[in-house]
>>> print(open('upload10.cif').read())   # mmCIF, C-alpha atoms
data_coords
#
loop_
_atom_site.label_atom_id
_atom_site.label_comp_id
_atom_site.auth_asym_id
_atom_site.auth_seq_id
_atom_site.Cartn_x
_atom_site.Cartn_y
_atom_site.Cartn_z
CA MET A 1 -2.36 35.60 -16.12
CA LYS A 2 -3.10 31.90 -16.60
CA GLN A 3 -4.01 29.93 -13.49
CA ILE A 4 -1.78 26.94 -12.68
CA LEU A 5 -3.81 23.76 -12.37
CA LYS A 6 -2.74 21.09 -9.94
CA HIS A 7 -3.51 17.40 -10.30
CA SER A 8 -7.25 17.01 -10.53
CA PHE A 9 -7.06 13.82 -8.47
CA GLU A 10 -4.73 12.87 -5.68
CA ALA A 11 -5.26 9.43 -4.16
CA VAL A 12 -3.93 10.71 -0.84
CA SER A 13 -6.82 13.18 -0.69
CA LEU A 14 -9.14 10.22 -0.18
CA LEU A 15 -7.78 9.95 3.34
CA THR A 16 -10.57 12.21 4.54
CA THR A 17 -11.99 12.63 7.99
CA THR A 18 -15.46 12.54 9.40
CA ASN A 19 -15.63 13.87 12.93
CA GLY A 20 -11.90 13.22 13.37
CA MET A 21 -12.13 9.58 12.23
CA LEU A 22 -10.19 7.71 9.53
CA ASP A 23 -11.58 4.71 7.61
CA VAL A 24 -8.68 2.33 6.99
CA THR A 25 -8.22 -1.27 5.95
CA ILE A 26 -5.55 -3.47 7.51
CA VAL A 27 -3.85 -5.66 4.90
CA PRO A 28 -1.77 -8.63 6.12
CA ALA A 29 1.93 -8.57 5.15
CA PHE A 30 4.77 -11.02 5.68
CA ASN A 31 7.90 -10.23 7.73
CA GLN A 32 6.88 -6.61 8.22
CA PRO A 33 4.03 -4.74 9.91
CA ASP A 34 0.59 -5.17 8.36
CA TRP A 35 -0.25 -2.37 5.93
CA LEU A 36 -2.70 0.42 6.66
CA ILE A 37 -4.55 1.56 3.49
CA PRO A 38 -7.29 4.20 3.20
CA SER A 39 -10.43 2.10 2.64
CA SER A 40 -11.69 4.50 -0.02
CA LEU A 41 -8.75 3.58 -2.29
CA ILE A 42 -9.85 -0.07 -2.55
CA LEU A 43 -11.60 -0.70 -5.86
CA SER A 44 -11.85 -4.47 -5.61
CA VAL A 45 -10.85 -7.45 -3.47
CA ASP A 46 -10.74 -10.60 -5.60
CA GLU A 47 -9.93 -14.21 -4.81
CA HIS A 48 -6.73 -15.16 -6.62
CA ASP A 49 -4.47 -18.02 -5.55
CA GLN A 50 -1.70 -17.74 -8.17
CA HIS A 51 1.32 -15.47 -7.82
CA THR A 52 1.25 -12.96 -10.66
CA SER A 53 2.98 -9.73 -11.65
CA ILE A 54 0.10 -8.42 -13.80
CA TYR A 55 -3.59 -8.74 -12.94
CA ASP A 56 -6.35 -8.30 -15.51
CA TRP A 57 -8.97 -6.13 -13.79
CA GLN A 58 -11.94 -4.83 -15.78
CA ASP A 59 -10.03 -5.15 -19.08
CA GLN A 60 -7.05 -3.27 -17.68
CA GLU A 61 -3.66 -4.74 -16.86
CA VAL A 62 -2.75 -3.72 -13.32
CA SER A 63 0.78 -4.15 -11.91
CA VAL A 64 0.95 -6.26 -8.75
CA PHE A 65 2.98 -5.62 -5.61
CA HIS A 66 3.57 -8.72 -3.48
CA LEU A 67 3.15 -8.67 0.29
CA LEU A 68 4.19 -12.33 0.52
CA PRO A 69 7.27 -14.11 -0.86
CA GLN A 70 6.88 -16.50 -3.80
CA ASP A 71 7.06 -19.57 -1.53
CA LYS A 72 4.01 -18.48 0.52
CA ALA A 73 0.45 -19.23 -0.60
CA VAL A 74 -1.63 -16.23 -1.68
CA ASP A 75 -5.42 -16.01 -1.79
CA LYS A 76 -6.37 -12.50 -2.82
CA ILE A 77 -5.62 -9.47 -4.93
CA ILE A 78 -6.59 -5.99 -3.77
CA VAL A 79 -6.92 -3.43 -6.56
CA LEU A 80 -6.19 0.14 -5.46
CA GLU A 81 -7.01 3.42 -7.15
CA GLY A 82 -4.07 5.48 -8.36
CA ASN A 83 -3.57 9.07 -9.41
CA THR A 84 -4.38 7.94 -12.96
CA SER A 85 -5.84 4.73 -14.38
CA GLU A 86 -2.31 3.76 -15.53
CA HIS A 87 -1.11 4.10 -11.94
CA ARG A 88 -3.65 1.76 -10.39
CA LEU A 89 -1.94 -1.08 -8.61
CA ALA A 90 -2.81 -4.34 -6.95
CA LEU A 91 -1.54 -5.88 -3.74
CA GLN A 92 -1.24 -9.65 -3.51
CA THR A 93 -1.55 -11.22 -0.06
CA ALA A 94 -3.26 -13.90 2.00
CA GLY A 95 -5.45 -13.67 5.07
CA GLU A 96 -8.33 -11.57 6.20
CA LEU A 97 -8.60 -7.84 5.63
CA HIS A 98 -9.87 -5.86 8.57
CA GLN A 99 -11.60 -2.52 8.37
CA LEU A 100 -11.09 -0.07 11.14
CA GLN A 101 -12.42 3.36 11.96
CA VAL A 102 -9.88 5.13 14.11
CA ARG A 103 -9.56 8.59 15.62
CA ILE A 104 -6.78 10.64 14.09
CA SER A 105 -5.50 11.36 17.61
CA ASP A 106 -5.14 7.58 18.22
CA VAL A 107 -2.68 7.17 15.32
CA LYS A 108 0.86 7.71 16.62
CA ASP A 109 3.85 8.13 14.31
CA ILE A 110 6.73 5.89 15.41
CA GLU A 111 10.19 4.89 14.23
CA VAL A 112 10.54 1.61 12.34
CA PRO A 113 10.85 -1.05 15.06
CA GLU A 114 14.30 -2.69 15.16
CA ASN A 115 12.91 -6.15 14.49
CA PHE A 116 11.62 -4.90 11.11
CA ASP A 117 14.59 -2.65 10.34
CA LYS A 118 16.92 -5.60 9.66
CA THR A 119 18.68 -3.97 6.77
CA ASN A 120 20.35 -0.61 7.10
CA ILE A 121 20.08 0.41 3.48
CA ASN A 122 20.88 3.70 1.87
CA GLU A 123 17.84 4.14 -0.39
CA THR A 124 19.75 6.15 -2.95
CA ALA A 125 22.12 3.22 -3.47
CA VAL A 126 19.43 0.55 -3.74
CA PRO A 127 16.73 0.68 -6.41
CA PHE A 128 13.08 0.15 -5.48
CA ASN A 129 12.66 -3.44 -4.31
CA GLU A 130 9.56 -5.21 -3.00
CA ASN A 131 11.80 -7.14 -0.61
CA VAL A 132 13.32 -4.02 0.95
CA MET A 133 10.73 -2.43 3.21
CA LEU A 134 12.60 0.89 3.44
CA SER A 135 12.23 1.40 -0.31
CA TYR A 136 8.43 1.84 -0.09
CA LEU A 137 7.92 2.89 3.53
CA PHE A 138 6.04 6.15 4.02
CA GLN A 139 5.57 5.95 7.78
CA THR A 140 5.20 3.43 10.57
CA VAL A 141 2.39 4.13 12.99
CA MET A 142 0.99 2.62 16.15
CA ILE A 143 -2.71 2.15 16.90
CA GLU A 144 -3.73 0.55 20.18
CA ASP A 145 -0.18 -0.77 20.77
CA LYS A 146 0.01 -2.46 17.34
CA VAL A 147 2.50 -1.37 14.69
CA TYR A 148 1.35 -0.77 11.10
CA LEU A 149 3.14 0.29 7.96
CA VAL A 150 1.76 3.12 5.85
CA PRO A 151 3.20 2.46 2.38
CA ASP A 152 4.09 5.09 -0.17
CA LEU A 153 1.50 3.87 -2.70
CA ASP A 154 2.31 6.61 -5.19
CA LYS A 155 5.98 5.60 -5.22
CA ILE A 156 5.07 1.90 -5.60
CA ALA A 157 2.68 2.64 -8.47
CA HIS A 158 5.19 4.77 -10.33
CA GLN A 159 7.97 2.21 -9.88
CA LEU A 160 5.75 -0.69 -11.03
CA VAL A 161 4.56 1.23 -14.09
CA ASP A 162 8.16 2.20 -14.97
CA VAL A 163 9.31 -1.43 -14.64
CA SER A 164 6.48 -2.82 -16.75
CA SER A 165 6.89 -0.16 -19.48
#
>>> encode(input="upload10.cif", output="structure tokens")
Amino acid sequence: MKQILKHSFEAVSLLTTTNGMLDVTIVPAFNQPDWLIPSSLILSVDEHDQHTSIYDWQDQEVSVFHLLPQDKAVDKIIVLEGNTSEHRLALQTAGELHQLQVRISDVKDIEVPENFDKTNINETAVPFNENVMLSYLFQTVMIEDKVYLVPDLDKIAHQLVDVSS
């Protein structure tokens, strides 16, 4: 009987623990909670002050997801590892990134706060949209009384690759 092989690499598996601690990076976002990204997924943080939909990183075109609207100034691009090299993606934002080591027990799952849940949208009726937080939300969490968004990076990467193909 032939053994079934699973994906040899899952980006989510990089969210590993050491003594019950998570290494995460806080990425500033506009009109939504700041994003919480596993630090080990970050391949590069580059200065970039032009809005772009494709970023040339190490001779590879990487699709860009915008955390700021077009009328807001940007200053950086964060390149993230994906499940495959084709599914790498970049986040475009402005402001300082903050690294945090947090105990797993200090991360509390919460409902999307009402002030961020402005649009009651049925996701099956609305296609993936950078401007609709619910279309890429994985989970909202609270750490030390501050709300963060954990994005569904795999979903974003697949949608961006499908759009650019």
>>> closest_residue(input="upload10.cif", among="A:Gly95, A:Gly20, A:Pro38, A:Pro113", to="Leu67 in chain A", atoms="only C-alpha atoms")
A:Gly95
>>> atom_distance(input="upload10.cif", atom1="CA of Leu43 in chain A", atom2="CA of Trp57 in chain A")
10.0 Å
>>> residues_around(input="upload10.cif", residues="Asp106 in chain A", least_positions_apart="2", cutoff="10 Å", atoms="all atoms listed in the file", output="ChimeraX atom specification")
/A:21,102-104,108-109,141-144
>>> resolve_selection(input="upload10.cif", expression="the PyMOL selection byres ((chain A and resi 74) around 9)", output="short mmCIF file (atom, residue, chain, number, x, y, z; two decimals) with C-alpha atoms, in the frame of the given file")
data_model
loop_
_atom_site.label_atom_id
_atom_site.label_comp_id
_atom_site.auth_asym_id
_atom_site.auth_seq_id
_atom_site.Cartn_x
_atom_site.Cartn_y
_atom_site.Cartn_z
CA HIS A 48 -6.73 -15.16 -6.62
CA ASP A 49 -4.47 -18.02 -5.55
CA GLN A 50 -1.70 -17.74 -8.17
CA HIS A 51 1.32 -15.47 -7.82
CA LEU A 68 4.19 -12.33 0.52
CA GLN A 70 6.88 -16.50 -3.80
CA LYS A 72 4.01 -18.48 0.52
CA ALA A 73 0.45 -19.23 -0.60
CA ASP A 75 -5.42 -16.01 -1.79
CA LYS A 76 -6.37 -12.50 -2.82
CA ILE A 77 -5.62 -9.47 -4.93
CA GLN A 92 -1.24 -9.65 -3.51
CA THR A 93 -1.55 -11.22 -0.06
CA ALA A 94 -3.26 -13.90 2.00
CA GLY A 95 -5.45 -13.67 5.07
#
>>> closest_residue(input="upload10.cif", among="A:Leu41, A:Ile54, A:Ile26, A:Val79", to="Glu96 in chain A", atoms="only C-alpha atoms")
A:Ile26
>>> atom_distance(input="upload10.cif", atom1="CA of Ser40 in chain A", atom2="CA of Val147 in chain A")
21.3 Å
>>> closest_residue(input="upload10.cif", among="A:Asp34, A:Asp46, A:Glu61, A:Asp162", to="Arg88 in chain A", atoms="all atoms listed in the file")
A:Glu61
>>> resolve_selection(input="upload10.cif", expression="the PyMOL selection byres ((chain A and resi 161) around 12)", output="number ranges by chain")
A: 53-54, 61-65, 82, 84-90, 154-160, 162-165
>>> residues_around(input="upload10.cif", residues="Asp23 in chain A", least_positions_apart="4", cutoff="6 Å", atoms="only C-alpha atoms", output="PyMOL selection string")
chain A and resi 39+100-101
>>> atom_distance(input="upload10.cif", atom1="CA of Ile110 in chain A", atom2="CA of Ile78 in chain A")
26.2 Å
>>> axis_aligned_box(input="upload10.cif", around="range 105-116 of chain A", padding_each_side="8 Å", output="AutoDock Vina command-line options")
--center_x 4.4 --center_y 2.6 --center_z 14.7 --size_x 35.8 --size_y 33.5 --size_z 23.1
>>> resolve_selection(input="upload10.cif", expression="the PyMOL selection byres ((chain A and resi 151) around 8)", output="MDAnalysis selection string")
chainID A and resid 35:37 136:139 149:150 152:153
>>> closest_residue(input="upload10.cif", among="A:Ser135, A:Thr52, A:Gln58, A:Thr140", to="Leu91 in chain A", atoms="only C-alpha atoms")
A:Thr52
>>> closest_residue(input="upload10.cif", among="A:Phe116, A:Glu130, A:Pro33, A:Thr25", to="Leu80 in chain A", atoms="all atoms listed in the file")
A:Thr25
>>> closest_residue(input="upload10.cif", among="A:Glu47, A:Ile42, A:Leu97, A:Lys146", to="Val27 in chain A", atoms="all atoms listed in the file")
A:Leu97
>>> residues_near_point(input="upload10.cif", point="(7.9, -6.3, 2.8)", cutoff="7 Å", atoms="only C-alpha atoms", output="number ranges by chain")
A: 29-32, 67, 130-133
